[in-house]
Every structure is written in structure tokens, then in C-alpha cells.
Protein chains: 4
Amino acid sequence: MSELDELREEVLAANLALPAHGLVTLTWGNASGIDRERGLVAIKPSGISYEAMTAPDIVVVDLDGNVVDGGRRPSTDTPTHVALYRAFEEIGGVVHTHSTWATSWSQAQREIPLLGTTHADLCAHPIPLTRRLTEAEIEEDYEGNTGVVLIETISLRGPQELPCALVRGHAPFCWGSTPAKAVEVAATLEEVARMALLTNMVEPNAPSLDAAVREKHYQRKHGRHAYYGQS
Amino acid sequence: MSELDELREEVLAANLALPAHGLVTLTWGNASGIDRERGLVAIKPSGISYEAMTAPDIVVVDLDGNVVDGGRRPSTDTPTHVALYRAFEEIGGVVHTHSTWATSWSQAQREIPLLGTTHADLCAHPIPLTRRLTEAEIEEDYEGNTGVVLIETISLRGPQELPCALVRGHAPFCWGSTPAKAVEVAATLEEVARMALLTNMVEPNAPSLDAAVREKHYQRKHGRHAYYGQS
Amino acid sequence: MSELDELREEVLAANLALPAHGLVTLTWGNASGIDRERGLVAIKPSGISYEAMTAPDIVVVDLDGNVVDGGRRPSTDTPTHVALYRAFEEIGGVVHTHSTWATSWSQAQREIPLLGTTHADLCAHPIPLTRRLTEAEIEEDYEGNTGVVLIETISLRGPQELPCALVRGHAPFCWGSTPAKAVEVAATLEEVARMALLTNMVEPNAPSLDAAVREKHYQRKHGRHAYYGQS
Amino acid sequence: MSELDELREEVLAANLALPAHGLVTLTWGNASGIDRERGLVAIKPSGISYEAMTAPDIVVVDLDGNVVDGGRRPSTDTPTHVALYRAFEEIGGVVHTHSTWATSWSQAQREIPLLGTTHADLCAHPIPLTRRLTEAEIEEDYEGNTGVVLIETISLRGPQELPCALVRGHAPFCWGSTPAKAVEVAATLEEVARMALLTNMVEPNAPSLDAAVREKHYQRKHGRHAYYGQS
């Protein structure tokens, strides 16, 4: 049981990092992590305040979202998380927030254009927007089908090239190789969303970043010959 | 007297939560709570700083707004609070703030459109705006008649479906089954107001949230078969 | 000398309140207070950081701005402060900041329209803007003549009806019966400026607040029969 | 070795001041300082979190950017820093951030117009924008050529008259006689950028500050007869 405890601690830390980065109001937002060997996902309980949350509150579910361990009801967004884990082996952590600026782009139903190097340091493409869910999809399995449209949106490029996406009318989902990496993506996305909005206010027709600069920044951080950070 | 003391503590905590949530500047804003059995309302004193406020400063009034207990003058907005308590049995706590973003919509004299799921998690309708007060209403009983127009605005749907409203040219009022719930509504409304304004900046013609998603979010949190939070 | 020490402490507290209210960046901004009996003004030293400031750093000047006591050079804005004290007996404290939102209106060279009750709680008029200084006025005595245009701007209504004004292209000056009251005006003005700007973003043609509501709010706080706050 | 240690401490302090001033998200941004006698530059390591950073993490490089002392890989922006030090003897410290508002102007590919006295207190010109890098320049030596276009942009007036510039599509670089002065420029620039953007929102055609006021403010702080601050 001690490996599950470790995962719980990691997922608790990721959840607590969300208010620390200013990404959540009240209890909104949730982070999860996966133990790939066991096929088990640890996730935030639904509607619990961050101040009161401790490791035993973190719920463990299987890849169908059934509770396997823990006394709490898991996040209502659990079916979206497990859909992402099932679809992409590379994903080790998922974060969902209603962070102010990224959510505003989701509500505007607009992808986030690539306007600067801060965005290119995260991703070499606009931040994509999911398609509209049909009424049947909402009725049948809303949270699971939110996972379906996220998977559709990123499947061509994969979750490493596209580390996050905006759910139309809702808010962002982010992922990474670990829960901590997914939190880092969420914090970066929020700042990218904020600066894109402010850039638009200075200059409504701001051009996209030059392709050569965009590739340089993305590759120096994520490419085969990356030289950003410590080796 | 110990039950009144409990109510005072509850109302004090709700008042202190307002600056903690970033909803007030200086001494603006006030929270109240009601003891339905006794018909007594506990409310913030007028113009007292939050840092210095203690439980004995909280004033107890009857449902006509007459001071029953306490050495302070109650909030100038007391007649609005008691009007709401008199009109709706379901209301257990009321909060009034001049929080930045919600107040900006009040000043713009525009209801807040329903643009995303964060709004639908709070309420399935646009946040309504009260009608203009007549000069006679202002002259005769300004604060009481502010209650009257709030009651008019929400009476068709009731205070559970509409947990808050914007007073035209002024600022929001919020309510809930307890003072703490009313504070939660106030914090949520402020974030909803902020994201609606930013959404409009990205896309001035942002469409309303799809009705099916709106109903799904509202019902999963507030409906008969709600499955958000812990049971 | 002990009364001067008291004034120094009062002025120090007012200066330290400016960063506490989020009204200053680095060392910008300054507060002063006057001892009317002695005709002496205590004011912030120029370019000293708020963290390091102690009461002995506060400089005492006469009503012509000559240093009477203290080892520091007074704020470069001292001639503006003393001009205001000389012109209006009612002024007991003056605050100048480059607070973000009020300064943005100054730079836009626009008075702040009266759009809501928060503004009316402070002042029953738009926040006025000084006229352009002539080149001769700038050359001859820039800081003194900044006082002159402020005095021109408010002289018709007086410093009680108009507790602050925007210097064109520069930033706000605020005043009150004490240094602490002037700080309160500065904090209120900043929030009023912010909400007016955001209101304009929601609705570029937002109407002025109804005159009857405006008078009601101003009078209940500042009128002869004021009933806001503790008596 | 003790002088290098001193420089490291000074550069560490400058780096830690960046999050303290709200200028950085995650690990973005970097500060450096130079020991002119030895021709050695101390700079932030690449991708290290500010919370964990200590003096031994600061990397010492020569003016060609080769690591001379320290166990870390230096900031990827090191070639830009050393290019600036090589070009201008007056520069003793360099700061690069992706601070929100200044970066938004960089992304909008617009210089920051001189709209108020806060800007004039920093610099008597619009904050300039570098030209577009060619694909060859990006390919060959991206970071070094970022230095080249910065040097081109400021060489006519020099680094004292122009204490900062915006790299097109990227973010600001700032400099000063010491690392601490460069941090002060970065904090001032961010506030100037924010107020310029907000000014534009109030009044899209806001006029430039009158030349006479601009010169007065710049000269009273930076001119031969400066009288701002303590002598």
C-alpha cells in the first residue's frame, strides 16, 4: 500500500499547488496522477476545500473511474481524467482549473493565438479549443464525452506537442508526464492566456510570432537538442 | 443569550471572510444572518474596520430593523437585508459588497450574460439587474426600497434559483441558506463577473453557453440528483 | 518638540499605509500632515524606500517649503503640498501617489465620470482634471504651479466637496482633515478609477448615476444629517 | 575568490527580487552582474526555481559566455547579456523578464508611447522595440543576435538614456549601473507598460505627455541638476 500512499502525496501536492499559483477560486479545479503499473489513478475529492485537504482525502479509482480506495466521492470530472489516461500512455498527470484568463478564452470560444516566445516555450501551436458537444453526448455521459472531445482535439499531434486544450464554454485541461508537470503547464497556460488577451488589447491585429523564432524557442526547450534547464 | 452569541460569531466570521476573499476595500460591504425562531437578524456595524471588529460589535436587530441588542449603529444597508429576510423564508444569510468586477457590471447597468460553466455552476440564468428606483422611492425609504426592487427582480424564480442580483448603478447583493453560503455566492459572482468581462474583451459577441451544458452543470450541483461534492 | 514628534509619527503611518493599500510601486508617492498652530508641515523624504523609513526620516518644513527640522531632503513634491495647505485651511493631510488606475485616467487626460454609488460615497462630482501647465509655469516653478492648477480646479467647490483631483498627464493628489483621511481618499479614488475603467469596458456609453441616488449616497455619508458610520 | 562571492550574492539578490516584485512566473527571467576589472559576469542558472536558488548556483562566465566557475549551466539568455556588457561599458547589471504587461507590448510589436510623468521619470523617450531577426540570425546565433538587435536599438542614445527595450515578439531587457538598478528599471517598466495599456483603454488616442513636462521630470531625476532623492 505504500506506493499508493506516495501517489496520494504527489497528487495532494499537485492539488495544493493550484491555489498557491493563484489558479483556483474556492474548491474549483482538480489534479490527478496515475500509477501505470497498477492502472490506478489518484484524484481530488469533489467539493472539498484546499485548506482542509489531506492525503487520505485523495481518492483512488481504476481506469473506468470506479473507486478502489478512499472514503470520499472523487471529483465529478474523474471520467474526463481517466479518458485521457486511457487514450495516451505518455500522460502521467492531469490538471483541470477554471483559471481566470484561460477560462475567458474558453468562454469566448476562441483558440489562443501564438503571439510570443512565452507561448512557444510551452507549445509550438495555438492552444486548441474542443468542438461543441452534442445534446446526446451531454445527456449520455457528459464528463466522459468531455474526455472524448479533448482526445479528438489533440490526437493528431499528441499530448506532448499539445500539453493542454480549452474545453469550449468551460475551461482548460492540462497534462504532463507527472502531476507536478501538469501543474506547471496550467500555470504557464494561464500566463500565456493573460498576455494574449492583453496583447489583443494593445493591438487587435497582432501578428503571430515569426515561425523561425517559434521553432527556436520550442526546440531549445523541448527538442532533441534542447539546451534549456539543467541537464 | 448564547444562541444570539453563536449567530454573532457566525456573522462575524462571514464579515471577516469578505476581505479574505478580496471582495472589499476599506470598510465597504456587510454580511448578516438570521435566527428564524426568534426573528432576529445579526449584522455588521456601520463604518467599522474589519481588522478591529469583534463579535460584540455585531448588532442584533428585529425584522423591522430596530436595534434589539448591541452598542453600535447597524449597517446603513440594514433595511435592505431585513426586507430580503421578510420576503423569503429560504434566506438565512445576506451579503452586500462593492466587489470590483460585479460592481462594474452594476455601474454599466447590464445583467451578466451566461457565458460559461462557472456561471452555470452558480445559477442557470443571467445575473439580473434591478430596475431604476423612482425619486419618490429614494426620498421615502432608499434602503428599504432597494430591498423592494431586489425582491421584484427575483420573485418570479425565487432566491434559490437566483442567489444574487445587481442593484443598478450600485453593486451586488447575494444570499444563501446561511451567512457562509452567501459569502460563497459573493466570491463566485465576483469571479463570474470578472471572466464575463474578460470574455467580452476577447470576443465582444461571445455566444451564450449551450443550454444543454448549462442545465447539466446547474443540475449536477443543485438539482434533485446532484452529484457534485460529498453526500 | 513632542508635538512635532507626534505629527511625524502620524505622517509616517500615512506613508506606510500607501504600500499597504497597494497604491505605490518602489518609492513613488508621498503623504504629509500639518500642525496648523505652528504652521509646520511634516512630509516624506525624497526617494527613500518605505521598508527603511522611520519617524526621524520625516522632514519638517514651513509653509514656504523651507526645511525647519530633519536631516533629509523633503519630497520633490513639497511645494505642491504646501501650496494646498496655504490655500485651504480645511486641509490637514495631503497624499500624492502614482496609483495604477487613477494615474491611467490622468494620462488619458480625462476626468473620471460619476458612474456608481461608490464614487458618490466619496464625492458628488466627476473627479476633475487640472488644466495644462504653460511652459513658463513649468520652467519657473513646476511643483509650486502644480499646486496652483490644483487650487484653480477645486476652488469653486472647495476641498471638502472635491477631496481629490487628477493632475493632467501625471497622477492624483488627495486631501482630507488628517493624513489618515487623505490616505482613505487615495484608496477610495483608486478603486473608483478602476471600476470606472472596467465599467467603460462593459459599456462604453455607460450613463451617469441618477442624480437622486448620487445625492442620497453623498448626503447619507457627508451631509448634515449623515447616518453612515458610528456617531 | 571573495570578490566573486560578493558579485554572486549581489546577483542572487537581484534574481530573488524579481519574484518579490511580481515580475516572474515559475523560473522565467534572469539577472546578471559584471566585475569589470576581471571581465567576469555572474548570472542565474537555467531553469532553477527561485525558492531553491543559493549563491553557489549562480554561474560565472567570461565575456564570451564561457563558464569560468560554478557547477550549473548558465541561463540560455547568457549570450544576450554578455553582448550588452561588451557593447556598453556603462552597464553593470542586466535583467530579463517575461513580466506580464511589458511582454504584452512586445507581443503586440509596439513601442510603449510616453503618456505620463511616471514614464518620463524613467526615460524621456518611448520604450523602443527591436527590429525583426532574420532567419539567418536566428539559425546562426539566436541569443547572441538578440543582443545585436538590442544594441542596434539603443546605440544612438546609449544605455543611460534608454535603460530598457522590448524584444519584438519576446519580452523586455533592462539594464543599469548595478544589478539592483536593473531590477528597479524592470519594476518601473512593468508599471509604465501597465498604465500605458490602461490609458489606451480609457482613451485610444491619448496624446503624448507635453514635452516640457517630460523634460522637467526626466531632468529633475537624471539631469545634471537633479534634485530627486537624497544627495
# chains A, B, ... in the order shown; residues from 1 in each chain; ligands from 1
$ interface_residues --of "chain D" --to "chain C" --cutoff "6 Å" --atoms "only C-alpha atoms" --output "PyMOL selection string"
chain D and resi 115-117+195+198-199+203+206+209+229-230
$ residues_around --residues "Gly93 in chain D" --least-positions-apart "2" --cutoff "8 Å" --atoms "only C-alpha atoms" --output "list in words"
Ala31, Ser32, Gly33, Ile34, Ile91, Val95, Trp175, Gly176, Ser177, Thr178, Pro179, Ala180, Lys181 and Ala182 of chain D
$ closest_residue --among "A:Gly144, A:Leu4, A:Ser49, A:Tyr227" --to "Glu184 in chain B" --atoms "only C-alpha atoms"
A:Ser49
$ select_by_dssp --residues "range 7-225 of chain A" --states "strand (DSSP E or B)" --output "PyMOL selection string"
chain A and resi 30-35+40-43+45+59-62+67-69+74+93-96+112+127+129+164-166+172-176
$ write_last_selection --atoms "N, CA, C and O atoms" --output "short mmCIF file (atom, residue, chain, number, x, y, z; two decimals), in the first residue's frame"
data_model
loop_
_atom_site.label_atom_id
_atom_site.label_comp_id
_atom_site.auth_asym_id
_atom_site.auth_seq_id
_atom_site.Cartn_x
_atom_site.Cartn_y
_atom_site.Cartn_z
N ASN A 30 -8.96 20.61 -10.13
CA ASN A 30 -8.56 19.32 -9.58
C ASN A 30 -7.35 18.78 -10.33
O ASN A 30 -7.17 19.05 -11.51
N ALA A 31 -6.54 18.02 -9.60
CA ALA A 31 -5.34 17.40 -10.18
C ALA A 31 -5.39 15.91 -9.88
O ALA A 31 -5.92 15.49 -8.85
N SER A 32 -4.83 15.12 -10.80
CA SER A 32 -4.74 13.68 -10.59
C SER A 32 -3.40 13.16 -11.07
O SER A 32 -2.66 13.87 -11.77
N GLY A 33 -3.09 11.93 -10.69
CA GLY A 33 -1.86 11.26 -11.13
C GLY A 33 -2.13 9.78 -11.29
O GLY A 33 -3.08 9.24 -10.71
N ILE A 34 -1.29 9.11 -12.08
CA ILE A 34 -1.54 7.69 -12.34
C ILE A 34 -0.36 6.80 -11.95
O ILE A 34 0.80 7.21 -12.06
N ASP A 35 -0.67 5.63 -11.45
CA ASP A 35 0.30 4.56 -11.25
C ASP A 35 0.08 3.61 -12.43
O ASP A 35 -0.87 2.83 -12.43
N LEU A 40 -3.94 2.50 -11.67
CA LEU A 40 -4.77 3.22 -10.70
C LEU A 40 -4.49 4.71 -10.75
O LEU A 40 -3.34 5.14 -10.91
N VAL A 41 -5.56 5.48 -10.60
CA VAL A 41 -5.48 6.94 -10.66
C VAL A 41 -5.88 7.51 -9.29
O VAL A 41 -6.88 7.11 -8.72
N ALA A 42 -5.06 8.46 -8.79
CA ALA A 42 -5.41 9.18 -7.55
C ALA A 42 -5.89 10.56 -7.94
O ALA A 42 -5.27 11.23 -8.78
N ILE A 43 -6.99 11.01 -7.32
CA ILE A 43 -7.62 12.27 -7.74
C ILE A 43 -8.24 12.98 -6.55
O ILE A 43 -8.59 12.35 -5.55
N PRO A 45 -10.86 14.76 -4.14
CA PRO A 45 -12.28 14.52 -3.82
C PRO A 45 -13.12 15.71 -4.29
O PRO A 45 -12.60 16.81 -4.45
N VAL A 59 -8.77 10.32 -3.49
CA VAL A 59 -9.50 9.09 -3.83
C VAL A 59 -8.73 8.31 -4.90
O VAL A 59 -8.18 8.91 -5.83
N VAL A 60 -8.69 7.00 -4.76
CA VAL A 60 -8.04 6.16 -5.78
C VAL A 60 -9.12 5.45 -6.59
O VAL A 60 -10.02 4.81 -6.02
N VAL A 61 -9.03 5.59 -7.91
CA VAL A 61 -10.02 4.96 -8.81
C VAL A 61 -9.29 4.11 -9.85
O VAL A 61 -8.09 4.29 -10.08
N ASP A 62 -10.02 3.19 -10.47
CA ASP A 62 -9.41 2.43 -11.57
C ASP A 62 -9.62 3.20 -12.88
O ASP A 62 -10.17 4.30 -12.87
N VAL A 67 -14.28 3.74 -7.76
CA VAL A 67 -13.48 3.97 -6.55
C VAL A 67 -12.91 2.65 -6.06
O VAL A 67 -13.64 1.67 -5.87
N VAL A 68 -11.59 2.61 -5.85
CA VAL A 68 -10.90 1.42 -5.40
C VAL A 68 -10.45 1.58 -3.95
O VAL A 68 -10.41 0.64 -3.19
N ASP A 69 -10.15 2.83 -3.61
CA ASP A 69 -9.68 3.08 -2.25
C ASP A 69 -9.97 4.53 -1.85
O ASP A 69 -9.78 5.45 -2.64
N PRO A 74 -15.02 10.91 -5.55
CA PRO A 74 -13.98 11.60 -6.36
C PRO A 74 -14.57 12.79 -7.12
O PRO A 74 -15.79 12.90 -7.26
N GLY A 93 -0.02 12.83 -15.41
CA GLY A 93 -0.77 13.71 -14.50
C GLY A 93 -1.68 14.61 -15.30
O GLY A 93 -1.37 14.99 -16.43
N VAL A 94 -2.85 14.92 -14.72
CA VAL A 94 -3.84 15.77 -15.39
C VAL A 94 -4.29 16.85 -14.40
O VAL A 94 -4.47 16.57 -13.21
N VAL A 95 -4.46 18.07 -14.91
CA VAL A 95 -4.95 19.18 -14.08
C VAL A 95 -6.08 19.88 -14.82
O VAL A 95 -5.98 20.17 -16.02
N HIS A 96 -7.14 20.16 -14.09
CA HIS A 96 -8.25 20.96 -14.62
C HIS A 96 -8.48 22.13 -13.68
O HIS A 96 -8.55 21.95 -12.47
N ILE A 112 -6.28 30.07 -28.44
CA ILE A 112 -5.34 31.14 -28.06
C ILE A 112 -4.25 31.22 -29.12
O ILE A 112 -3.50 30.26 -29.32
N ILE A 127 -3.25 27.30 -28.74
CA ILE A 127 -3.87 26.39 -27.77
C ILE A 127 -5.25 26.05 -28.31
O ILE A 127 -6.09 26.95 -28.47
N LEU A 129 -9.12 24.47 -29.12
CA LEU A 129 -10.44 24.55 -28.49
C LEU A 129 -11.22 23.31 -28.91
O LEU A 129 -11.24 22.97 -30.10
N CYS A 164 -2.06 20.98 -23.48
CA CYS A 164 -3.28 21.50 -22.88
C CYS A 164 -4.27 21.86 -23.97
O CYS A 164 -3.88 22.01 -25.13
N ALA A 165 -5.53 22.00 -23.60
CA ALA A 165 -6.56 22.42 -24.56
C ALA A 165 -7.68 23.09 -23.76
O ALA A 165 -7.82 22.88 -22.55
N LEU A 166 -8.44 23.91 -24.47
CA LEU A 166 -9.58 24.60 -23.86
C LEU A 166 -10.86 23.86 -24.21
O LEU A 166 -11.13 23.61 -25.39
N PRO A 172 -9.89 25.16 -19.14
CA PRO A 172 -8.78 24.34 -19.66
C PRO A 172 -8.60 23.00 -18.95
O PRO A 172 -8.92 22.86 -17.77
N PHE A 173 -8.05 22.04 -19.68
CA PHE A 173 -7.44 20.83 -19.13
C PHE A 173 -5.98 20.82 -19.56
O PHE A 173 -5.65 21.19 -20.68
N CYS A 174 -5.09 20.36 -18.65
CA CYS A 174 -3.64 20.34 -18.88
C CYS A 174 -3.11 18.98 -18.46
O CYS A 174 -3.68 18.33 -17.60
N TRP A 175 -1.98 18.58 -19.06
CA TRP A 175 -1.41 17.28 -18.69
C TRP A 175 0.11 17.31 -18.84
O TRP A 175 0.67 18.25 -19.41
N GLY A 176 0.75 16.27 -18.32
CA GLY A 176 2.20 16.17 -18.39
C GLY A 176 2.63 14.79 -17.95
O GLY A 176 1.79 13.94 -17.63
#
$ residues_around --residues "His222 in chain D" --least-positions-apart "2" --cutoff "12 Å" --atoms "only C-alpha atoms" --output "ChimeraX atom specification"
/D:120-124,160-163,214-220,224-229
$ atom_distance --atom1 "CA of Leu16 in chain A" --atom2 "CA of Glu191 in chain A"
18.8 Å
$ residues_around --residues "Pro113 in chain C" --least-positions-apart "4" --cutoff "9 Å" --atoms "only C-alpha atoms" --output "PyMOL selection string"
chain C and resi 119+125-128+196+208
$ write_last_selection --atoms "all heavy atoms" --output "compact mmCIF listing (two decimals), in the first residue's frame"
# COMPACT_ATOMS: atom_id res chain seq x y z
N HIS C 119 -18.50 55.89 -6.06
CA HIS C 119 -17.99 57.23 -6.37
C HIS C 119 -18.78 58.27 -5.56
O HIS C 119 -18.19 59.17 -4.94
CB HIS C 119 -18.11 57.46 -7.88
CG HIS C 119 -17.54 58.74 -8.38
ND1 HIS C 119 -16.82 58.83 -9.55
CD2 HIS C 119 -17.59 60.01 -7.90
CE1 HIS C 119 -16.44 60.09 -9.75
NE2 HIS C 119 -16.90 60.82 -8.77
N HIS C 125 -19.36 64.69 -7.54
CA HIS C 125 -18.99 65.23 -8.85
C HIS C 125 -18.01 64.29 -9.54
O HIS C 125 -17.36 63.49 -8.88
CB HIS C 125 -18.32 66.60 -8.68
CG HIS C 125 -19.09 67.52 -7.80
ND1 HIS C 125 -20.21 68.18 -8.23
CD2 HIS C 125 -18.94 67.85 -6.49
CE1 HIS C 125 -20.71 68.89 -7.23
NE2 HIS C 125 -19.95 68.70 -6.15
N PRO C 126 -17.88 64.44 -10.88
CA PRO C 126 -16.77 63.73 -11.53
C PRO C 126 -15.45 64.14 -10.86
O PRO C 126 -15.35 65.25 -10.33
CB PRO C 126 -16.83 64.24 -12.98
CG PRO C 126 -18.25 64.67 -13.18
CD PRO C 126 -18.69 65.21 -11.84
N ILE C 127 -14.46 63.25 -10.88
CA ILE C 127 -13.14 63.62 -10.33
C ILE C 127 -12.47 64.51 -11.36
O ILE C 127 -12.21 64.07 -12.49
CB ILE C 127 -12.27 62.38 -10.05
CG1 ILE C 127 -13.02 61.36 -9.18
CG2 ILE C 127 -10.94 62.79 -9.43
CD1 ILE C 127 -13.47 61.85 -7.83
N PRO C 128 -12.18 65.78 -10.99
CA PRO C 128 -11.74 66.73 -12.01
C PRO C 128 -10.27 66.54 -12.41
O PRO C 128 -9.49 65.89 -11.71
CB PRO C 128 -11.93 68.07 -11.33
CG PRO C 128 -11.76 67.80 -9.88
CD PRO C 128 -12.28 66.39 -9.65
N ALA C 196 -14.52 52.54 -12.77
CA ALA C 196 -14.98 53.38 -13.89
C ALA C 196 -14.36 52.87 -15.19
O ALA C 196 -15.05 52.80 -16.22
CB ALA C 196 -14.59 54.84 -13.64
N SER C 208 -24.36 58.26 -16.56
CA SER C 208 -24.03 58.72 -15.20
C SER C 208 -25.06 58.17 -14.22
O SER C 208 -26.18 57.87 -14.60
CB SER C 208 -24.05 60.24 -15.14
OG SER C 208 -22.93 60.76 -15.81
$ closest_residue --among "A:Tyr85, A:Ala186, A:Ala193, A:Val202" --to "Leu150 in chain A" --atoms "only C-alpha atoms"
A:Tyr85
$ atom_distance --atom1 "CA of Asn15 in chain C" --atom2 "CA of Asp210 in chain D"
29.4 Å
